[in-house]
$ cat coords31.tsv   # TSV, C-alpha atoms and all ligand atoms
chain	number	residue	atom	x	y	z
A	1	MET	CA	16.65	-3.94	13.43
A	2	PRO	CA	13.27	-2.19	13.65
A	3	VAL	CA	12.03	-1.50	17.18
A	4	TYR	CA	8.38	-2.05	16.31
A	5	THR	CA	6.91	-4.85	14.17
A	6	LEU	CA	3.46	-5.44	12.72
A	7	PRO	CA	1.66	-8.10	14.81
A	8	GLU	CA	-0.08	-10.96	13.02
A	9	LEU	CA	-3.86	-10.80	12.95
A	10	PRO	CA	-5.33	-13.33	15.41
A	11	TYR	CA	-7.83	-14.48	12.74
A	12	ASP	CA	-8.39	-14.65	8.96
A	13	TYR	CA	-9.29	-11.50	7.04
A	14	SER	CA	-12.87	-12.76	6.71
A	15	ALA	CA	-13.35	-13.69	10.38
A	16	LEU	CA	-15.32	-10.55	11.29
A	17	ALA	CA	-17.62	-10.53	8.24
A	18	PRO	CA	-20.32	-9.41	7.74
A	19	VAL	CA	-19.73	-6.78	10.45
A	20	ILE	CA	-16.38	-5.84	8.87
A	21	SER	CA	-15.55	-7.08	5.38
A	22	SER	CA	-12.38	-9.00	4.61
A	23	GLU	CA	-11.36	-6.24	2.18
A	24	ILE	CA	-11.41	-3.65	4.97
A	25	ILE	CA	-9.53	-5.88	7.42
A	26	GLU	CA	-6.80	-6.70	4.87
A	27	LEU	CA	-6.23	-3.07	3.88
A	28	HIS	CA	-6.56	-1.81	7.44
A	29	HIS	CA	-4.02	-4.25	8.87
A	30	ASP	CA	-1.59	-4.77	5.98
A	31	LYS	CA	-1.47	-1.15	4.77
A	32	HIS	CA	-2.70	1.29	7.43
A	33	HIS	CA	-1.38	-0.39	10.58
A	34	ALA	CA	1.83	-1.30	8.76
A	35	ALA	CA	2.34	2.37	7.88
A	36	TYR	CA	2.17	3.37	11.56
A	37	VAL	CA	4.76	0.72	12.45
A	38	LYS	CA	7.08	1.99	9.72
A	39	GLY	CA	6.41	5.59	10.74
A	40	ALA	CA	7.33	4.92	14.37
A	41	ASN	CA	10.56	3.14	13.39
A	42	ASP	CA	11.51	5.81	10.84
A	43	THR	CA	10.92	8.57	13.38
A	44	LEU	CA	13.12	6.87	15.98
A	45	GLU	CA	15.90	6.72	13.36
A	46	GLN	CA	15.46	10.39	12.52
A	47	LEU	CA	15.61	11.29	16.21
A	48	ALA	CA	18.84	9.30	16.58
A	49	GLU	CA	20.28	11.17	13.60
A	50	ALA	CA	19.25	14.50	15.11
A	51	ARG	CA	21.07	13.61	18.34
A	52	ASP	CA	24.18	12.47	16.47
A	53	LYS	CA	24.35	15.66	14.42
A	54	GLU	CA	23.05	17.87	17.22
A	55	GLN	CA	20.57	19.29	14.71
A	56	TRP	CA	17.35	20.10	16.52
A	57	GLY	CA	15.54	22.20	13.90
A	58	ALA	CA	13.03	19.43	13.10
A	59	LEU	CA	12.51	18.25	16.67
A	60	ASN	CA	8.95	19.54	17.17
A	61	GLY	CA	7.76	17.76	14.03
A	62	LEU	CA	9.60	14.56	14.93
A	63	GLU	CA	8.10	14.46	18.43
A	64	LYS	CA	4.63	14.96	16.90
A	65	ASN	CA	5.27	12.18	14.38
A	66	LEU	CA	6.48	9.84	17.12
A	67	ALA	CA	3.33	10.41	19.20
A	68	PHE	CA	1.11	9.89	16.14
A	69	HIS	CA	2.71	6.74	14.72
A	70	LEU	CA	3.49	5.08	18.03
A	71	SER	CA	-0.05	5.70	19.31
A	72	GLY	CA	-1.45	4.40	16.01
A	73	HIS	CA	0.59	1.23	16.38
A	74	ILE	CA	-0.48	0.74	20.00
A	75	LEU	CA	-4.20	1.34	19.42
A	76	HIS	CA	-4.36	-0.94	16.36
A	77	SER	CA	-2.50	-3.67	18.24
A	78	VAL	CA	-5.26	-3.57	20.89
A	79	TYR	CA	-8.03	-3.20	18.26
A	80	TRP	CA	-7.35	-6.52	16.49
A	81	GLN	CA	-7.32	-8.40	19.78
A	82	ASN	CA	-10.50	-6.66	20.97
A	83	MET	CA	-12.52	-8.31	18.19
A	84	THR	CA	-13.63	-11.87	17.41
A	85	GLY	CA	-16.15	-13.40	15.05
A	86	ASP	CA	-17.50	-15.21	18.11
A	87	GLY	CA	-18.07	-12.08	20.19
A	88	GLY	CA	-20.74	-9.55	21.03
A	89	GLY	CA	-23.39	-9.31	23.70
A	90	GLU	CA	-22.34	-7.90	27.03
A	91	PRO	CA	-19.88	-9.08	29.68
A	92	LEU	CA	-21.56	-11.48	32.11
A	93	GLU	CA	-20.35	-13.21	35.28
A	94	LYS	CA	-21.26	-16.65	33.87
A	95	ASP	CA	-18.71	-16.10	31.11
A	96	GLY	CA	-15.92	-15.45	33.62
A	97	VAL	CA	-15.84	-11.70	33.02
A	98	GLY	CA	-17.81	-10.62	36.09
A	99	GLU	CA	-15.10	-8.27	37.42
A	100	LEU	CA	-15.19	-6.30	34.20
A	101	ALA	CA	-18.99	-6.23	34.25
A	102	ASP	CA	-18.93	-4.93	37.84
A	103	ALA	CA	-16.33	-2.27	37.01
A	104	ILE	CA	-18.42	-1.03	34.07
A	105	ALA	CA	-21.52	-0.86	36.27
A	106	GLU	CA	-19.63	1.00	39.02
A	107	SER	CA	-17.95	3.45	36.68
A	108	PHE	CA	-20.87	4.20	34.35
A	109	GLY	CA	-23.99	3.30	36.34
A	110	SER	CA	-25.02	0.55	33.92
A	111	PHE	CA	-23.85	-1.36	30.87
A	112	ALA	CA	-26.44	0.48	28.79
A	113	GLY	CA	-25.10	3.86	29.92
A	114	PHE	CA	-21.53	2.81	29.14
A	115	LYS	CA	-22.50	1.44	25.72
A	116	ALA	CA	-24.34	4.64	24.83
A	117	GLN	CA	-21.40	6.83	25.89
A	118	LEU	CA	-18.75	4.82	24.00
A	119	SER	CA	-20.99	4.57	20.92
A	120	LYS	CA	-21.53	8.33	20.90
A	121	ALA	CA	-17.86	9.08	21.56
A	122	ALA	CA	-16.82	6.94	18.57
A	123	ALA	CA	-19.61	8.01	16.23
A	124	THR	CA	-19.27	11.75	16.86
A	125	THR	CA	-15.49	12.07	16.50
A	126	GLN	CA	-14.74	15.13	14.39
A	127	GLY	CA	-12.31	14.17	11.65
A	128	SER	CA	-10.31	11.05	12.52
A	129	GLY	CA	-10.24	9.42	15.92
A	130	TRP	CA	-11.26	6.64	18.26
A	131	GLY	CA	-13.72	5.85	21.00
A	132	VAL	CA	-11.80	4.23	23.86
A	133	LEU	CA	-12.64	2.51	27.14
A	134	ALA	CA	-9.64	3.05	29.40
A	135	HIS	CA	-8.53	2.16	32.92
A	136	GLU	CA	-7.51	5.27	34.85
A	137	PRO	CA	-4.91	4.27	37.46
A	138	LEU	CA	-5.25	7.06	40.04
A	139	SER	CA	-8.90	6.32	40.84
A	140	GLY	CA	-9.05	2.78	39.45
A	141	ARG	CA	-12.14	3.80	37.47
A	142	LEU	CA	-12.95	3.05	33.88
A	143	VAL	CA	-13.40	6.10	31.65
A	144	VAL	CA	-14.48	6.66	28.04
A	145	GLU	CA	-12.13	8.83	26.01
A	146	GLN	CA	-12.76	10.41	22.62
A	147	VAL	CA	-9.33	10.30	21.02
A	148	TYR	CA	-8.31	12.75	18.28
A	149	ASP	CA	-6.16	11.14	15.57
A	150	HIS	CA	-4.43	8.45	17.66
A	151	GLN	CA	-3.01	10.50	20.50
A	152	GLY	CA	-5.03	13.60	21.35
A	153	ASN	CA	-7.56	14.28	24.12
A	154	VAL	CA	-6.43	11.41	26.36
A	155	GLY	CA	-5.75	11.34	30.09
A	156	GLN	CA	-2.10	10.75	30.91
A	157	GLY	CA	-1.43	7.24	32.19
A	158	SER	CA	-4.75	5.69	31.24
A	159	THR	CA	-4.63	2.25	29.63
A	160	PRO	CA	-6.91	1.52	26.65
A	161	ILE	CA	-8.72	-1.80	27.10
A	162	LEU	CA	-11.46	-1.55	24.42
A	163	VAL	CA	-10.97	0.60	21.34
A	164	PHE	CA	-13.32	1.47	18.48
A	165	ASP	CA	-11.51	2.75	15.41
A	166	ALA	CA	-13.63	5.59	14.00
A	167	TRP	CA	-11.28	6.62	11.17
A	168	GLU	CA	-12.92	6.46	7.75
A	169	HIS	CA	-10.44	3.76	6.67
A	170	ALA	CA	-12.05	1.47	9.28
A	171	PHE	CA	-15.50	1.47	7.66
A	172	TYR	CA	-15.94	3.62	4.54
A	173	LEU	CA	-15.63	0.87	1.89
A	174	GLN	CA	-18.57	-0.93	3.50
A	175	TYR	CA	-20.60	1.62	5.48
A	176	ARG	CA	-19.90	4.74	3.36
A	177	ASN	CA	-20.92	7.81	5.39
A	178	GLN	CA	-22.92	5.84	8.00
A	179	LYS	CA	-20.37	5.94	10.81
A	180	ALA	CA	-23.00	5.47	13.52
A	181	ASP	CA	-24.21	2.24	11.83
A	182	PHE	CA	-20.65	0.92	11.78
A	183	VAL	CA	-20.17	1.73	15.46
A	184	GLU	CA	-23.45	0.02	16.36
A	185	ALA	CA	-22.42	-3.10	14.39
A	186	MET	CA	-19.02	-3.15	16.13
A	187	TRP	CA	-20.69	-4.30	19.36
A	188	GLN	CA	-21.41	-7.66	17.64
A	189	VAL	CA	-17.71	-8.51	17.43
A	190	VAL	CA	-16.40	-7.28	20.80
A	191	ASN	CA	-14.21	-9.94	22.43
A	192	TRP	CA	-15.17	-9.50	26.09
A	193	GLN	CA	-12.67	-12.14	27.20
A	194	ASP	CA	-9.90	-9.98	25.77
A	195	VAL	CA	-11.28	-6.78	27.32
A	196	ALA	CA	-11.55	-8.54	30.70
A	197	ARG	CA	-7.97	-9.79	30.63
A	198	ARG	CA	-6.77	-6.29	29.74
A	199	TYR	CA	-8.79	-4.85	32.64
A	200	ALA	CA	-7.30	-7.39	35.05
A	201	ALA	CA	-3.77	-6.67	33.82
A	202	ALA	CA	-4.23	-2.89	34.04
A	203	ARG	CA	-5.68	-3.17	37.54
A	204	SER	CA	-3.02	-5.49	38.93
A	205	ARG	CA	0.08	-3.79	37.64
A	206	THR	CA	2.20	-1.60	39.87
A	207	ASP	CA	1.71	1.70	38.15
A	208	ALA	CA	4.51	4.25	38.29
A	209	LEU	CA	1.85	6.93	38.73
A	210	LEU	CA	0.89	5.43	42.09
A	211	LEU	CA	4.34	5.31	43.68
A	212	ALA	CA	4.47	6.90	47.12
A	213	PRO	CA	6.97	9.72	47.73
B	301	MN	MN	-7.26	2.39	11.82

$ encode --input "coords31.tsv" --output "structure tokens"
Amino acid sequence: MPVYTLPELPYDYSALAPVISSEIIELHHDKHHAAYVKGANDTLEQLAEARDKEQWGALNGLEKNLAFHLSGHILHSVYWQNMTGDGGGEPLEKDGVGELADAIAESFGSFAGFKAQLSKAAATTQGSGWGVLAHEPLSGRLVVEQVYDHQGNVGQGSTPILVFDAWEHAFYLQYRNQKADFVEAMWQVVNWQDVARRYAAARSRTDALLLAP
């Protein structure tokens, strides 16, 4: 039995068009995300085999593969939920997402400042990566992270609540080399209800990082 499984998309392939074409969504979910799920499961099997045989020669590579594929699976699982064809705008109290709006204002000074930072972080990734809004449990603040591949350059323990995939597979068929245009368009499909529920869950959990001695 595989440990990880590919989650169903919460909408049709065409639900995010014209911001993201149905062709991109189908390939991105059915091929790319599926490959990370398979990669994570395969790596767990290879690690079990290494333990059984007490053969540790490939361990460094296996640990790197586990971090890559597992993080890819986790970020894509959040990504699909973060978007809706009925989204966009900014989080407002009248829409029931006032706590998130307040947290963004407190952490970044303003929504505009936050939007500019996350847009730049996603659009200026070198190579493949993500722009991520994350909850940092020690301070309770929100932070923007510029993630390398799926797993690099992140603060330990932070929880991603809004993720912008900036890999070429996320946009190239439609936006070609205009990554900044893709990132700007992404704001039209942000599902603020989903981001707000992730913020509330991250904030309310008892985090192991916060346990007293
Ligand atoms: Mn992707």

$ residues_around --input "coords31.tsv" --residues "range 163-179 of chain A" --least-positions-apart "6" --cutoff "10 Å" --atoms "only C-alpha atoms" --output "MDAnalysis selection string"
chainID A and resid 18:21 23:25 27:29 32 75:83 118:119 121:134 144:150 185:187 190 195

$ write_last_selection --input "coords31.tsv" --atoms "C-alpha atoms" --output "short mmCIF file (atom, residue, chain, number, x, y, z; two decimals), in the frame of the given file"
data_model
loop_
_atom_site.label_atom_id
_atom_site.label_comp_id
_atom_site.auth_asym_id
_atom_site.auth_seq_id
_atom_site.Cartn_x
_atom_site.Cartn_y
_atom_site.Cartn_z
CA PRO A 18 -20.32 -9.41 7.74
CA VAL A 19 -19.73 -6.78 10.45
CA ILE A 20 -16.38 -5.84 8.87
CA SER A 21 -15.55 -7.08 5.38
CA GLU A 23 -11.36 -6.24 2.18
CA ILE A 24 -11.41 -3.65 4.97
CA ILE A 25 -9.53 -5.88 7.42
CA LEU A 27 -6.23 -3.07 3.88
CA HIS A 28 -6.56 -1.81 7.44
CA HIS A 29 -4.02 -4.25 8.87
CA HIS A 32 -2.70 1.29 7.43
CA LEU A 75 -4.20 1.34 19.42
CA HIS A 76 -4.36 -0.94 16.36
CA SER A 77 -2.50 -3.67 18.24
CA VAL A 78 -5.26 -3.57 20.89
CA TYR A 79 -8.03 -3.20 18.26
CA TRP A 80 -7.35 -6.52 16.49
CA GLN A 81 -7.32 -8.40 19.78
CA ASN A 82 -10.50 -6.66 20.97
CA MET A 83 -12.52 -8.31 18.19
CA LEU A 118 -18.75 4.82 24.00
CA SER A 119 -20.99 4.57 20.92
CA ALA A 121 -17.86 9.08 21.56
CA ALA A 122 -16.82 6.94 18.57
CA ALA A 123 -19.61 8.01 16.23
CA THR A 124 -19.27 11.75 16.86
CA THR A 125 -15.49 12.07 16.50
CA GLN A 126 -14.74 15.13 14.39
CA GLY A 127 -12.31 14.17 11.65
CA SER A 128 -10.31 11.05 12.52
CA GLY A 129 -10.24 9.42 15.92
CA TRP A 130 -11.26 6.64 18.26
CA GLY A 131 -13.72 5.85 21.00
CA VAL A 132 -11.80 4.23 23.86
CA LEU A 133 -12.64 2.51 27.14
CA ALA A 134 -9.64 3.05 29.40
CA VAL A 144 -14.48 6.66 28.04
CA GLU A 145 -12.13 8.83 26.01
CA GLN A 146 -12.76 10.41 22.62
CA VAL A 147 -9.33 10.30 21.02
CA TYR A 148 -8.31 12.75 18.28
CA ASP A 149 -6.16 11.14 15.57
CA HIS A 150 -4.43 8.45 17.66
CA ALA A 185 -22.42 -3.10 14.39
CA MET A 186 -19.02 -3.15 16.13
CA TRP A 187 -20.69 -4.30 19.36
CA VAL A 190 -16.40 -7.28 20.80
CA VAL A 195 -11.28 -6.78 27.32
#

$ closest_residue --input "coords31.tsv" --among "A:Gly152, A:Gly96, A:Gly72, A:Gly157" --to "ligand MN 301 (chain B)" --atoms "all atoms listed in the file"
A:Gly72

$ residues_around --input "coords31.tsv" --residues "Asp102 in chain A" --least-positions-apart "4" --cutoff "12 Å" --atoms "all atoms listed in the file" --output "ChimeraX atom specification"
/A:90-93,96-98,106-111,114,141-142,196,199

$ write_last_selection --input "coords31.tsv" --atoms "C-alpha atoms" --output "short mmCIF file (atom, residue, chain, number, x, y, z; two decimals), keeping the file's coordinate frame"
data_model
loop_
_atom_site.label_atom_id
_atom_site.label_comp_id
_atom_site.auth_asym_id
_atom_site.auth_seq_id
_atom_site.Cartn_x
_atom_site.Cartn_y
_atom_site.Cartn_z
CA GLU A 90 -22.34 -7.90 27.03
CA PRO A 91 -19.88 -9.08 29.68
CA LEU A 92 -21.56 -11.48 32.11
CA GLU A 93 -20.35 -13.21 35.28
CA GLY A 96 -15.92 -15.45 33.62
CA VAL A 97 -15.84 -11.70 33.02
CA GLY A 98 -17.81 -10.62 36.09
CA GLU A 106 -19.63 1.00 39.02
CA SER A 107 -17.95 3.45 36.68
CA PHE A 108 -20.87 4.20 34.35
CA GLY A 109 -23.99 3.30 36.34
CA SER A 110 -25.02 0.55 33.92
CA PHE A 111 -23.85 -1.36 30.87
CA PHE A 114 -21.53 2.81 29.14
CA ARG A 141 -12.14 3.80 37.47
CA LEU A 142 -12.95 3.05 33.88
CA ALA A 196 -11.55 -8.54 30.70
CA TYR A 199 -8.79 -4.85 32.64
#

$ residues_around --input "coords31.tsv" --residues "range 45-48 of chain A" --least-positions-apart "6" --cutoff "12 Å" --atoms "only C-alpha atoms" --output "MDAnalysis selection string"
chainID A and resid 1:4 38:39 54:66

$ atom_distance --input "coords31.tsv" --atom1 "CA of Lys53 in chain A" --atom2 "CA of His69 in chain A"
23.4 Å

$ atom_distance --input "coords31.tsv" --atom1 "CA of Glu136 in chain A" --atom2 "CA of Ser158 in chain A"
4.6 Å

$ atom_distance --input "coords31.tsv" --atom1 "CA of Leu9 in chain A" --atom2 "CA of Asp30 in chain A"
9.5 Å

$ closest_residue --input "coords31.tsv" --among "A:Ala202, A:Ala40, A:Ile161, A:Ala101" --to "Phe68 in chain A" --atoms "all atoms listed in the file"
A:Ala40

$ closest_residue --input "coords31.tsv" --among "A:Glu49, A:His73, A:Leu16, A:Leu211" --to "ligand MN 301 (chain B)" --atoms "only C-alpha atoms and all ligand atoms"
A:His73
